[in-house]
Structure formats: structure tokens, C-alpha cells
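Colleague: The structure file upload_34.txt (compact mmCIF, C-alpha atoms and all ligand atoms) is provided below.
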# COMPACT_ATOMS: atom_id res chain seq x y z
CA MET A 986 -3.86 12.46 -17.19
CA ASN A 987 -5.14 15.47 -15.26
CA ASP A 988 -3.15 16.77 -12.33
CA THR A 989 -5.81 18.29 -10.06
CA PHE A 990 -4.39 18.61 -6.58
CA ILE A 991 -6.60 19.26 -3.54
CA HIS A 992 -4.77 20.13 -0.34
CA LEU A 993 -6.88 20.09 2.83
CA GLU A 994 -5.73 21.16 6.27
CA GLU A 995 -8.10 18.67 7.85
CA THR A 996 -10.64 16.12 6.72
CA GLU A 997 -12.20 12.95 8.05
CA SER A 998 -10.38 10.75 5.56
CA THR A 999 -8.91 11.59 2.15
CA ASN A 1000 -10.39 8.38 0.74
CA LEU A 1001 -13.82 9.39 1.96
CA TYR A 1002 -13.40 12.96 0.66
CA LEU A 1003 -12.40 11.76 -2.81
CA ARG A 1004 -15.17 9.17 -2.96
CA LYS A 1005 -17.77 11.77 -1.97
CA LEU A 1006 -16.40 14.15 -4.59
CA CYS A 1007 -16.71 11.41 -7.22
CA ALA A 1008 -20.32 10.83 -6.17
CA GLU A 1009 -21.08 14.57 -6.55
CA ARG A 1010 -19.38 15.39 -9.84
CA MET A 1011 -17.05 14.15 -12.56
CA VAL A 1012 -13.54 13.90 -11.13
CA ASP A 1013 -10.59 13.50 -13.46
CA GLU A 1014 -8.22 10.58 -13.33
CA GLY A 1015 -5.01 11.63 -11.60
CA THR A 1016 -6.76 13.83 -9.03
CA VAL A 1017 -4.96 13.82 -5.68
CA VAL A 1018 -6.44 14.74 -2.31
CA ILE A 1019 -3.93 15.26 0.46
CA ALA A 1020 -4.61 16.22 4.08
CA ASP A 1021 -2.36 17.57 6.81
CA PHE A 1022 -4.59 15.77 9.29
CA GLN A 1023 -7.34 13.14 9.10
CA THR A 1024 -9.81 13.06 11.96
CA ALA A 1025 -10.88 9.50 11.09
CA GLY A 1026 -8.17 8.05 8.86
CA ARG A 1027 -9.16 4.59 7.74
CA GLY A 1028 -7.00 1.49 7.47
CA GLN A 1029 -7.47 -2.10 6.37
CA ARG A 1030 -9.69 -4.51 8.34
CA GLY A 1031 -11.77 -1.62 9.75
CA ASN A 1032 -8.77 -0.24 11.65
CA GLY A 1033 -7.95 3.43 11.95
CA TRP A 1034 -4.82 5.11 10.63
CA GLU A 1035 -2.78 7.18 13.10
CA SER A 1036 -0.85 10.14 11.73
CA ASP A 1037 0.25 13.29 13.58
CA ARG A 1038 -0.74 16.61 12.01
CA ALA A 1039 1.49 17.69 9.09
CA LYS A 1040 4.21 15.16 9.83
CA ASN A 1041 3.47 12.38 7.38
CA LEU A 1042 1.91 11.68 4.02
CA THR A 1043 -1.80 10.90 3.98
CA PHE A 1044 -3.32 11.18 0.52
CA SER A 1045 -5.59 9.55 -2.02
CA LEU A 1046 -5.18 9.25 -5.77
CA LEU A 1047 -8.00 8.67 -8.25
CA LEU A 1048 -7.37 6.24 -11.09
CA ARG A 1049 -9.85 5.08 -13.71
CA PRO A 1050 -8.36 1.74 -14.70
CA THR A 1051 -11.08 0.72 -17.12
CA HIS A 1052 -8.49 -1.38 -18.98
CA ILE A 1053 -8.00 -3.65 -15.92
CA PRO A 1054 -10.61 -6.44 -15.67
CA ILE A 1055 -12.12 -6.74 -12.18
CA LYS A 1056 -10.55 -10.17 -11.81
CA GLN A 1057 -7.13 -8.57 -12.18
CA GLN A 1058 -7.65 -5.68 -9.78
CA PHE A 1059 -4.77 -6.93 -7.63
CA VAL A 1060 -2.47 -5.46 -10.27
CA LEU A 1061 -3.20 -2.04 -8.72
CA SER A 1062 -1.98 -3.24 -5.30
CA ARG A 1063 1.10 -4.65 -6.94
CA LEU A 1064 2.09 -1.58 -8.89
CA VAL A 1065 1.29 0.95 -6.15
CA SER A 1066 3.11 -0.94 -3.38
CA LEU A 1067 6.10 -1.56 -5.62
CA ALA A 1068 6.28 2.10 -6.65
CA ILE A 1069 6.27 3.19 -2.99
CA VAL A 1070 9.00 0.74 -2.00
CA GLU A 1071 11.10 1.80 -4.99
CA VAL A 1072 10.90 5.44 -3.91
CA LEU A 1073 11.57 4.72 -0.22
CA ARG A 1074 14.68 2.79 -1.20
CA ASN A 1075 16.18 6.13 -2.26
CA TYR A 1076 16.08 7.18 1.41
CA SER A 1077 17.22 3.99 3.17
CA THR A 1078 17.48 0.21 2.77
CA ASP A 1079 15.42 -2.79 3.97
CA PHE A 1080 11.98 -1.71 2.68
CA THR A 1081 9.69 -4.51 1.56
CA ILE A 1082 6.03 -5.19 0.78
CA LYS A 1083 4.22 -7.30 3.33
CA TRP A 1084 1.57 -9.18 1.39
CA PRO A 1085 -0.74 -7.94 0.12
CA ASN A 1086 0.26 -4.26 0.21
CA ASP A 1087 1.66 -3.10 3.55
CA ILE A 1088 4.92 -1.21 3.30
CA TYR A 1089 7.49 -2.54 5.73
CA TRP A 1090 10.90 -1.59 7.01
CA ARG A 1091 12.46 -4.69 8.54
CA GLU A 1092 9.68 -6.03 10.83
CA LYS A 1093 7.86 -2.71 11.18
CA LYS A 1094 5.14 -1.02 9.19
CA ILE A 1095 5.99 2.35 7.63
CA GLY A 1096 3.06 2.62 5.24
CA GLY A 1097 -0.33 1.29 4.31
CA ILE A 1098 -2.56 1.33 1.27
CA LEU A 1099 -6.34 1.27 1.20
CA ILE A 1100 -7.74 0.76 -2.29
CA GLU A 1101 -11.48 1.26 -2.74
CA ASN A 1102 -12.82 0.36 -6.18
CA ASP A 1103 -16.09 1.34 -7.80
CA LEU A 1104 -17.17 -1.37 -10.18
CA SER A 1105 -19.39 -0.94 -13.19
CA GLY A 1106 -20.28 -4.10 -15.10
CA SER A 1107 -17.01 -5.95 -15.55
CA GLN A 1108 -14.91 -2.79 -15.26
CA ILE A 1109 -13.28 -0.79 -12.49
CA SER A 1110 -14.75 2.64 -13.18
CA ALA A 1111 -12.92 4.37 -10.34
CA SER A 1112 -10.20 3.34 -7.95
CA VAL A 1113 -9.53 5.49 -4.91
CA ILE A 1114 -6.02 4.64 -3.80
CA GLY A 1115 -5.42 5.83 -0.24
CA ILE A 1116 -1.84 5.92 0.93
CA GLY A 1117 -0.42 6.66 4.35
CA ILE A 1118 3.35 6.80 4.85
CA ASN A 1119 5.00 7.70 8.12
CA ILE A 1120 7.68 10.26 7.38
CA ASN A 1121 8.54 12.66 10.22
CA GLN A 1122 6.56 11.30 13.18
CA GLU A 1123 8.67 10.89 16.32
CA VAL A 1124 6.37 8.73 18.48
CA PHE A 1125 3.32 6.54 17.85
CA CYS A 1126 0.55 6.21 20.43
CA SER A 1127 -2.15 4.10 18.77
CA PRO A 1128 -2.43 0.37 19.48
CA ALA A 1129 -1.05 -0.40 16.01
CA PRO A 1130 1.48 -3.13 16.76
CA ASN A 1131 4.65 -2.09 14.97
CA PRO A 1132 4.64 1.39 13.38
CA VAL A 1133 7.82 3.13 12.27
CA SER A 1134 8.61 6.39 10.45
CA LEU A 1135 11.38 7.37 8.06
CA PHE A 1136 12.60 9.75 10.77
CA GLN A 1137 12.89 6.87 13.23
CA ILE A 1138 14.84 4.89 10.65
CA THR A 1139 17.33 7.52 9.51
CA GLY A 1140 17.25 10.19 12.26
CA GLN A 1141 16.52 12.82 9.58
CA LYS A 1142 13.48 15.00 8.85
CA TYR A 1143 12.14 15.18 5.30
CA GLU A 1144 10.18 17.51 3.00
CA THR A 1145 6.96 15.55 2.53
CA PRO A 1146 6.02 17.28 -0.79
CA GLU A 1147 9.22 16.00 -2.38
CA ILE A 1148 8.55 12.41 -1.33
CA LEU A 1149 4.93 12.75 -2.45
CA SER A 1150 5.89 13.96 -5.89
CA ASN A 1151 8.40 11.12 -6.31
CA ILE A 1152 5.79 8.57 -5.27
CA LEU A 1153 3.09 9.96 -7.56
CA GLU A 1154 5.50 10.05 -10.48
CA ARG A 1155 6.55 6.45 -9.88
CA ILE A 1156 2.98 5.18 -9.45
CA LEU A 1157 1.78 6.95 -12.61
CA ASP A 1158 4.82 5.76 -14.50
CA ARG A 1159 4.15 2.15 -13.55
CA TYR A 1160 0.42 2.62 -14.19
CA MET A 1161 0.99 4.00 -17.72
CA GLN A 1162 3.47 1.22 -18.51
CA GLN A 1163 0.95 -1.33 -17.35
CA ALA A 1164 -1.83 0.31 -19.39
CA CYS A 1165 0.35 0.27 -22.52
CA GLY A 1166 1.42 -3.32 -21.91
CA VAL A 1167 5.10 -2.32 -21.79
CA GLU A 1168 5.60 -2.92 -18.08
CA ASP A 1169 8.64 -4.76 -16.82
CA ASP A 1170 7.82 -8.01 -15.05
CA LEU A 1171 5.50 -6.59 -12.41
CA SER A 1172 4.71 -9.88 -10.69
CA GLU A 1173 8.36 -10.88 -10.51
CA ASN A 1174 9.41 -7.46 -9.19
CA TYR A 1175 6.58 -7.57 -6.65
CA PHE A 1176 7.67 -11.02 -5.48
CA ASN A 1177 11.30 -9.90 -5.24
CA ALA A 1178 10.23 -6.95 -3.05
CA LEU A 1179 8.08 -9.12 -0.74
CA PHE A 1180 8.64 -9.32 3.00
CA ARG A 1181 9.61 -12.91 3.89
CA ASN A 1182 10.01 -14.03 0.28
CA ASN A 1183 12.72 -16.38 1.47
CA GLY A 1184 12.81 -19.15 4.08
CA LEU A 1185 10.40 -20.53 6.67
CA HIS A 1186 8.41 -18.17 8.87
CA ARG A 1187 5.53 -18.44 11.30
CA TYR A 1188 1.89 -17.98 10.24
CA GLU A 1189 -1.54 -18.43 11.74
CA SER A 1190 -4.78 -19.35 10.05
CA ASN A 1191 -8.06 -20.45 11.66
CA GLY A 1192 -6.35 -20.78 15.05
CA ARG A 1193 -3.63 -23.05 13.67
CA MET A 1194 0.00 -21.94 13.80
CA PHE A 1195 2.50 -23.28 11.33
CA ASN A 1196 5.85 -22.63 9.66
CA ALA A 1197 5.81 -22.02 5.96
CA CYS A 1198 7.56 -20.28 3.12
CA ILE A 1199 5.97 -18.07 0.49
CA LYS A 1200 5.79 -19.95 -2.82
CA GLN A 1201 4.10 -17.25 -4.85
CA VAL A 1202 1.41 -14.60 -5.01
CA GLU A 1203 -1.08 -15.38 -7.75
CA ASP A 1204 -2.37 -12.74 -10.15
CA ASP A 1205 -5.64 -12.52 -8.22
CA GLY A 1206 -3.69 -11.74 -5.02
CA ILE A 1207 -3.93 -15.20 -3.44
CA LEU A 1208 -0.93 -16.00 -1.22
CA VAL A 1209 0.46 -19.49 -1.72
CA LEU A 1210 2.35 -20.89 1.28
CA GLU A 1211 4.22 -24.17 1.51
CA THR A 1212 4.38 -25.59 5.03
CA GLU A 1213 7.52 -27.21 6.37
CA GLU A 1214 5.79 -30.57 5.83
CA GLY A 1215 5.54 -29.73 2.14
CA ALA A 1216 1.79 -29.03 1.98
CA GLU A 1217 0.67 -26.11 -0.19
CA SER A 1218 -2.14 -23.81 0.97
CA ARG A 1219 -3.74 -20.80 -0.70
CA PHE A 1220 -4.98 -17.81 1.28
CA ALA A 1221 -7.06 -14.78 0.42
CA PHE A 1222 -6.54 -11.51 2.29
CA LYS A 1223 -7.49 -11.80 5.99
CA GLU A 1224 -7.37 -15.62 5.89
CA VAL A 1225 -3.83 -15.81 7.24
CA SER A 1226 -1.74 -13.72 9.67
CA PHE A 1227 1.98 -13.27 9.75
CA LEU A 1228 3.36 -14.03 13.21
CA PHE A 1229 6.31 -12.10 14.60
C1 LIG A 1301 -3.67 0.07 6.21
O1 LIG A 1301 -4.39 -0.20 7.17
O2 LIG A 1301 -2.59 -0.48 6.06
C2 LIG A 1301 -4.13 1.08 5.19
C3 LIG A 1301 -3.90 2.48 5.66
C4 LIG A 1301 -4.30 3.52 4.65
C5 LIG A 1301 -4.22 4.90 5.23
C6 LIG A 1301 -4.43 5.96 4.18
S1 LIG A 1301 -4.09 7.57 4.81
C7 LIG A 1301 -4.79 8.28 3.39
C8 LIG A 1301 -6.01 7.47 3.03
N1 LIG A 1301 -7.18 7.94 3.74
C9 LIG A 1301 -7.60 7.08 4.63
O3 LIG A 1301 -8.56 7.26 5.41
N2 LIG A 1301 -6.87 5.96 4.61
C10 LIG A 1301 -5.83 6.05 3.61
Give the structure from the file, written as C-alpha cells.

Modeller:
Amino acid sequence: MNDTFIHLEETESTNLYLRKLCAERMVDEGTVVIADFQTAGRGQRGNGWESDRAKNLTFSLLLRPTHIPIKQQFVLSRLVSLAIVEVLRNYSTDFTIKWPNDIYWREKKIGGILIENDLSGSQISASVIGIGININQEVFCSPAPNPVSLFQITGQKYETPEILSNILERILDRYMQQACGVEDDLSENYFNALFRNNGLHRYESNGRMFNACIKQVEDDGILVLETEEGAESRFAFKEVSFLF
């Protein structure tokens, strides 16, 4: 695995930068693009990603997971989100993964992941894994509903390069294990790290609100909820919202 590291003071979006680079020339697996500031950081569902200059981690990692069939691409979400939570747990407690791959502290969002895959035939030829984690930001101004930073959680400031290197090491470690087939039980560990993996909570889908508990997350990323009446429903990303 190559360890090319591109540090930018400012760019539109590290995901966009890395994708453009891949379109221009051969980029090695393991390449990381990190920016002090993104002028148009991108989030899930067409949202933006707010991050003050040089306070947080905003970076993208290139993987070439040709061994992962397209149908199993959710494995990338699983291993990346789990790796991040595992590292954050060295700094404080109560970090979880909100399905499918938001990083939560209690009921607040500390990090997000935007994975953009290039497909070729039945293979994932390139996966740009964009990660934003709020580390030292004191205040959030965007309309994002519930952001939080590690600083707000612990009252301490952190060296972002140290956290970055721990996260990259953990992701690549999990990725290699998965590639060699010697991973620990990824789906079980992911489930155990899930936000609301226990008890009844409130959800909304198609304008209907209901109480349900999480039964499981299937290998293709489908969330299986069981309502309090005992009915089981399966949801793809964006088909259900968690209510707070
Ligand atoms: C989310 O909405 O939860 C996903 C947020 C992903 C943000 C990161 S920051 C680095 C990378 N570049 C982007 O433009 N987005 C991702």
C-alpha cells in the first residue's frame, strides 16, 4: 500500500480533489488528501459539511477494493465507521455509529463519512472515502441539527495529525484483515457499536412515525426495524429517519 499524502491549505472538497486526480492520472491505493479548509465540503444527502479552518479533520482516502463485490460495498462503510469509533474511544466514551455510517457521541454527530465508489464491471475500481471529524471546533454555525466536537466533549484541544494517523492505521488494518479474510466479526462488532442498538426508539418513514427497535443491519446495508407491534420492516439509506 502506497502512502502518498497530499496536504492542501484549501480546496473545494477533498473528495472532489481526489476524484479529479484519479480522473487525470493513476493514483495509488492508500493516497490521502487532507485540507485545512474546504470551501464546499460535501456531506450525505446533498448537504454541506461545516468545518472551521485548521480545527478539525477533513480528508479523503483512496482505496481500490477490487476484492469486494459491488453487492457487498457496505463492508467499506462498516469497517471505516468502526475504525473511527474505535479510535475515538481512546479519547472519551459514548461514541457510536448511527446507521449507516454517521459517527455519534451520545445524541450528537461528531463525524461523517462520504464514500464515493467508481464501479467497473462487477468491481469497485476506486473508492474515495471522505471523512470529516470535528476535533477542536468551539462553536458550530451551520443549520446542521446536532454537531459536536471532541473539544466540546472533553474540554481539551488535540493534535489533529496524531488522531489522523491513528484513524488511518486502524482503517487500513481493518481493510487488510478484511482483504485477507482474517477479520474479526465485522458485522457483529458494527452492530455492537451501533447507536440505538437496544430498546425502542422513534423513527419516521414516508410521513409515518413509529416506535421500533433495531433488529439487524444486513450485509447490503439494509436496516431492519421491528415495530412495537412486532412488524418487521426493511429500509435502505434515506428511507427512514431517526427521530430525537
Ligand atoms: C455526512 O454528511 O455525514 C458526510 C460528511 C463527509 C465530510 C467529509 S470532509 C472530507 C470529505 N470531503 C468532502 O467534501 N466531504 C468529506

Colleague: With distances taken over only C-alpha atoms and all ligand atoms, which of A:Leu1006, A:Met1011, A:Ile1156, A:Ile1114 is nearest to ligand LIG 1301 (chain A)?

Modeller: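 Among the listed residues, A:Ile1114 lies closest to ligand LIG 1301 (chain A).
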
Colleague: Excluding stretch 1017-1026 of chain A and its own-chain neighbours fewer than 5 positions away, which residues fall within 7 Å of it when counting only C-alpha atoms? Please give them as an mmCIF file with C-alpha atoms, in the frame of the given file.

Modeller:
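See part07.cif below for the written result:
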data_model
loop_
_atom_site.group_PDB
_atom_site.id
_atom_site.type_symbol
_atom_site.label_atom_id
_atom_site.label_comp_id
_atom_site.auth_asym_id
_atom_site.auth_seq_id
_atom_site.Cartn_x
_atom_site.Cartn_y
_atom_site.Cartn_z
ATOM 1 C CA THR A 989 -5.810 18.290 -10.060
ATOM 2 C CA PHE A 990 -4.390 18.610 -6.580
ATOM 3 C CA ILE A 991 -6.600 19.260 -3.540
ATOM 4 C CA HIS A 992 -4.770 20.130 -0.340
ATOM 5 C CA LEU A 993 -6.880 20.090 2.830
ATOM 6 C CA GLU A 994 -5.730 21.160 6.270
ATOM 7 C CA GLU A 995 -8.100 18.670 7.850
ATOM 8 C CA THR A 996 -10.640 16.120 6.720
ATOM 9 C CA GLU A 997 -12.200 12.950 8.050
ATOM 10 C CA SER A 998 -10.380 10.750 5.560
ATOM 11 C CA THR A 999 -8.910 11.590 2.150
ATOM 12 C CA LEU A 1003 -12.400 11.760 -2.810
ATOM 13 C CA GLY A 1033 -7.950 3.430 11.950
ATOM 14 C CA TRP A 1034 -4.820 5.110 10.630
ATOM 15 C CA GLU A 1035 -2.780 7.180 13.100
ATOM 16 C CA ASP A 1037 0.250 13.290 13.580
ATOM 17 C CA ARG A 1038 -0.740 16.610 12.010
ATOM 18 C CA ALA A 1039 1.490 17.690 9.090
ATOM 19 C CA THR A 1043 -1.800 10.900 3.980
ATOM 20 C CA PHE A 1044 -3.320 11.180 0.520
ATOM 21 C CA SER A 1045 -5.590 9.550 -2.020
ATOM 22 C CA LEU A 1046 -5.180 9.250 -5.770
ATOM 23 C CA LEU A 1047 -8.000 8.670 -8.250
#

Colleague: Near stretch 1165-1169 of chain A, within 10 Å and counting all atoms listed in the file, which residues show up once chain neighbours fewer than 6 positions away are dropped, as a PDB file with C-alpha atoms, keeping the file's coordinate frame?

Modeller:
ATOM      1  CA  HIS A1052      -8.490  -1.380 -18.980  1.00  0.00           C
ATOM      2  CA  LEU A1064       2.090  -1.580  -8.890  1.00  0.00           C
ATOM      3  CA  ASP A1158       4.820   5.760 -14.500  1.00  0.00           C
ATOM      4  CA  ARG A1159       4.150   2.150 -13.550  1.00  0.00           C
TER       5      ARG A1159
END

Colleague: Find the distance between atom C1 of ligand LIG 1301 (chain A) and atom CA of A:Asn1032 and write it in Å to one decimal.

Modeller: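 Rounded to one decimal, the two atoms are 7.5 Å apart.
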
Colleague: Closest to ligand LIG 1301 (chain A) among A:Val1072, A:Ala1111, A:Ile1100, A:Val1065, using all atoms listed in the file?

Modeller: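 For ligand LIG 1301 (chain A), the nearest of the given residues is A:Ile1100.
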
Colleague: Set the distance at 7 Å and use all atoms listed in the file: which residues neighbour A:Val1070 once local chain neighbours fewer than 2 positions away are removed? I'd like the list as number ranges by chain.

Modeller: A: 1066-1068, 1072-1074, 1080-1081, 1088

Colleague: For the residues selected in the previous step, produce a file with C-alpha atoms as a PDB file, in the coordinates of the input.

Modeller:
ATOM      1  CA  SER A1066       3.110  -0.940  -3.380  1.00  0.00           C
ATOM      2  CA  LEU A1067       6.100  -1.560  -5.620  1.00  0.00           C
ATOM      3  CA  ALA A1068       6.280   2.100  -6.650  1.00  0.00           C
ATOM      4  CA  VAL A1072      10.900   5.440  -3.910  1.00  0.00           C
ATOM      5  CA  LEU A1073      11.570   4.720  -0.220  1.00  0.00           C
ATOM      6  CA  ARG A1074      14.680   2.790  -1.200  1.00  0.00           C
ATOM      7  CA  PHE A1080      11.980  -1.710   2.680  1.00  0.00           C
ATOM      8  CA  THR A1081       9.690  -4.510   1.560  1.00  0.00           C
ATOM      9  CA  ILE A1088       4.920  -1.210   3.300  1.00  0.00           C
TER      10      ILE A1088
END

Colleague: Give me the box for ligand LIG 1301 (chain A) as JSON, namely the centre and edge lengths in Å to one decimal of a box along x, y and z that holds every listed atom plus 8 Å on each side.

Modeller:
{"center_x": -5.6, "center_y": 3.9, "center_z": 5.1, "size_x": 22.0, "size_y": 24.8, "size_z": 20.1}

Colleague: Could you give me, as a list in words, the residues within 8 Å of A:Val1225, counting all atoms listed in the file and dropping anything in the same chain fewer than 6 positions from it?

Modeller: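 The filter keeps Tyr1188, Glu1189, Ser1190 and Asn1191 of chain A.
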
Colleague: Tell me which of A:Gly1115, A:Gly1206, A:Pro1132, A:Pro1050 sits closest to ligand LIG 1301 (chain A), counting only C-alpha atoms and all ligand atoms.

Modeller: A:Gly1115

Colleague: Tell me which of A:Met1194, A:Ile1095, A:Ile1069, A:Ile1148 sits closest to ligand LIG 1301 (chain A), counting only C-alpha atoms and all ligand atoms.

Modeller: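 Nearest to ligand LIG 1301 (chain A): A:Ile1095.
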
Colleague: Pick from A:Tyr1076, A:Ile1082, A:Gly1097, A:Arg1091: nearest to ligand LIG 1301 (chain A), with all atoms listed in the file counted?

Modeller: A:Gly1097

Colleague: Counting only C-alpha atoms, which residue out of A:Ser1077, A:Cys1198, A:Gln1108, A:Gln1163 sits closest to A:Gly1140?

Modeller: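 For A:Gly1140, the nearest of the candidates is A:Ser1077.
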
Colleague: What's the separation between atom CA of A:Phe1136 and atom CA of A:Asn1121, in Å to one decimal place?

Modeller: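 For atom CA of A:Phe1136 relative to atom CA of A:Asn1121, the distance reads 5.0 Å.
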
Colleague: With a distance cut-off of 12 Å and only C-alpha atoms, select the neighbouring residues of A:Gly1106, excluding the residue or stretch itself and same-chain residues fewer than 6 positions from it, and output the selection as a PyMOL selection string.

Modeller: chain A and resi 1051+1054-1056
